[in-house]
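Data from start06.cif: mmCIF, C-alpha atoms
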data_input
loop_
_atom_site.group_PDB
_atom_site.id
_atom_site.type_symbol
_atom_site.label_atom_id
_atom_site.label_comp_id
_atom_site.auth_asym_id
_atom_site.auth_seq_id
_atom_site.Cartn_x
_atom_site.Cartn_y
_atom_site.Cartn_z
ATOM 1 C CA MET R 8 -150.909 -25.353 30.688
ATOM 2 C CA PRO R 9 -152.998 -27.862 28.750
ATOM 3 C CA TRP R 10 -152.053 -31.433 29.602
ATOM 4 C CA GLN R 11 -151.229 -32.095 25.943
ATOM 5 C CA LYS R 12 -148.249 -29.726 26.209
ATOM 6 C CA VAL R 13 -146.754 -31.322 29.330
ATOM 7 C CA PRO R 14 -144.474 -33.827 27.508
ATOM 8 C CA GLU R 15 -143.006 -31.027 25.390
ATOM 9 C CA PHE R 16 -142.508 -28.849 28.465
ATOM 10 C CA ILE R 17 -140.766 -31.641 30.403
ATOM 11 C CA ALA R 18 -138.498 -32.368 27.433
ATOM 12 C CA GLY R 19 -137.557 -28.682 27.288
ATOM 13 C CA LEU R 20 -137.014 -28.607 31.043
ATOM 14 C CA ARG R 21 -134.689 -31.609 30.898
ATOM 15 C CA GLY R 22 -132.728 -30.039 28.049
ATOM 16 C CA THR R 23 -132.195 -26.567 29.490
ATOM 17 C CA ASP R 24 -129.009 -25.356 31.126
ATOM 18 C CA LYS R 25 -130.811 -22.438 32.806
ATOM 19 C CA ALA R 26 -131.586 -24.504 35.912
ATOM 20 C CA GLY R 27 -129.583 -26.967 37.964
ATOM 21 C CA PRO R 28 -130.368 -30.676 38.163
ATOM 22 C CA MET R 29 -132.158 -30.472 41.521
ATOM 23 C CA VAL R 30 -134.436 -27.661 40.319
ATOM 24 C CA LYS R 31 -135.276 -29.563 37.141
ATOM 25 C CA LEU R 32 -136.054 -32.734 39.089
ATOM 26 C CA LEU R 33 -138.222 -30.825 41.555
ATOM 27 C CA PHE R 34 -140.213 -29.218 38.733
ATOM 28 C CA GLU R 35 -140.738 -32.594 37.099
ATOM 29 C CA PHE R 36 -141.800 -34.095 40.432
ATOM 30 C CA LEU R 37 -144.295 -31.256 40.949
ATOM 31 C CA ILE R 38 -145.760 -31.742 37.492
ATOM 32 C CA LEU R 39 -146.046 -35.516 37.718
ATOM 33 C CA THR R 40 -147.454 -35.658 41.258
ATOM 34 C CA ALA R 41 -149.432 -32.386 41.495
ATOM 35 C CA VAL R 42 -148.222 -31.781 45.058
ATOM 36 C CA ARG R 43 -147.841 -28.248 46.342
ATOM 37 C CA SER R 44 -144.367 -26.761 45.945
ATOM 38 C CA GLY R 45 -143.933 -26.311 49.716
ATOM 39 C CA GLU R 46 -144.793 -29.961 50.304
ATOM 40 C CA ALA R 47 -142.275 -31.047 47.678
ATOM 41 C CA ARG R 48 -139.505 -28.785 49.007
ATOM 42 C CA GLY R 49 -140.098 -29.955 52.573
ATOM 43 C CA ALA R 50 -140.496 -33.660 51.823
ATOM 44 C CA ARG R 51 -138.307 -36.086 53.752
ATOM 45 C CA TRP R 52 -137.064 -39.430 52.469
ATOM 46 C CA SER R 53 -139.001 -41.131 55.283
ATOM 47 C CA GLU R 54 -142.225 -39.942 53.624
ATOM 48 C CA PHE R 55 -141.555 -42.033 50.516
ATOM 49 C CA ASP R 56 -142.230 -45.736 50.163
ATOM 50 C CA LEU R 57 -139.503 -46.551 47.653
ATOM 51 C CA GLU R 58 -140.426 -50.225 47.478
ATOM 52 C CA GLY R 59 -144.201 -49.826 47.179
ATOM 53 C CA ARG R 60 -146.466 -46.919 46.408
ATOM 54 C CA PRO R 61 -144.839 -43.930 44.688
ATOM 55 C CA GLY R 62 -144.933 -40.500 46.272
ATOM 56 C CA PRO R 63 -145.290 -39.159 49.771
ATOM 57 C CA SER R 64 -147.327 -41.318 52.119
ATOM 58 C CA PRO R 65 -150.538 -39.645 53.279
ATOM 59 C CA ARG R 66 -150.504 -38.605 56.919
ATOM 60 C CA GLY R 67 -151.947 -41.236 59.162
ATOM 61 C CA ALA R 68 -151.736 -43.937 56.514
#
Kindly present the structure from the file in structure tokens form.
Amino acid sequence: MPWQKVPEFIAGLRGTDKAGPMVKLLFEFLILTAVRSGEARGARWSEFDLEGRPGPSPRGA
């Protein structure tokens, strides 16, 4: 999908009732972070620095 269409896609995703809230949030997370779906599904809260850098912390960092 061309990057120019991403805002429209996310707006449609947020507005649909064909997916539950967790699925919609996961899709948005995948789009905004470009992580692999398996990494996103398996992420643990301990991997996120909620007070500093956004997103999963790189291993060994």
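Residues within 12 Å of R:Gly45, counting all atoms listed in the file and excluding same-chain residues fewer than 6 positions away, are Leu33, Phe34, Leu37 and Arg51 of chain R.
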task: Name all residues at most 9 Å from R:Ile17 (count all atoms listed in the file; drop same-chain ones fewer than 5 positions away) and give them as a ChimeraX atom specification.
output: /R:12,22,31,34-35,38
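You will find atom CA of R:Val30 at 11.3 Å from atom CA of R:Ala47.
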Calculate, to one decimal in Å, the centre and edge lengths of the box along x, y and z of the file that holds all listed atoms of stretch 16-24 of chain R with 8 Å of margin on each side, and present them as lines of an AutoDock Vina configuration file.
center_x = -135.8
center_y = -28.9
center_z = 29.2
size_x = 29.5
size_y = 23.0
size_z = 19.8
- line: Pairwise distance, atom CA of R:Ala18 with atom CA of R:Phe55, equals 25.2 Å
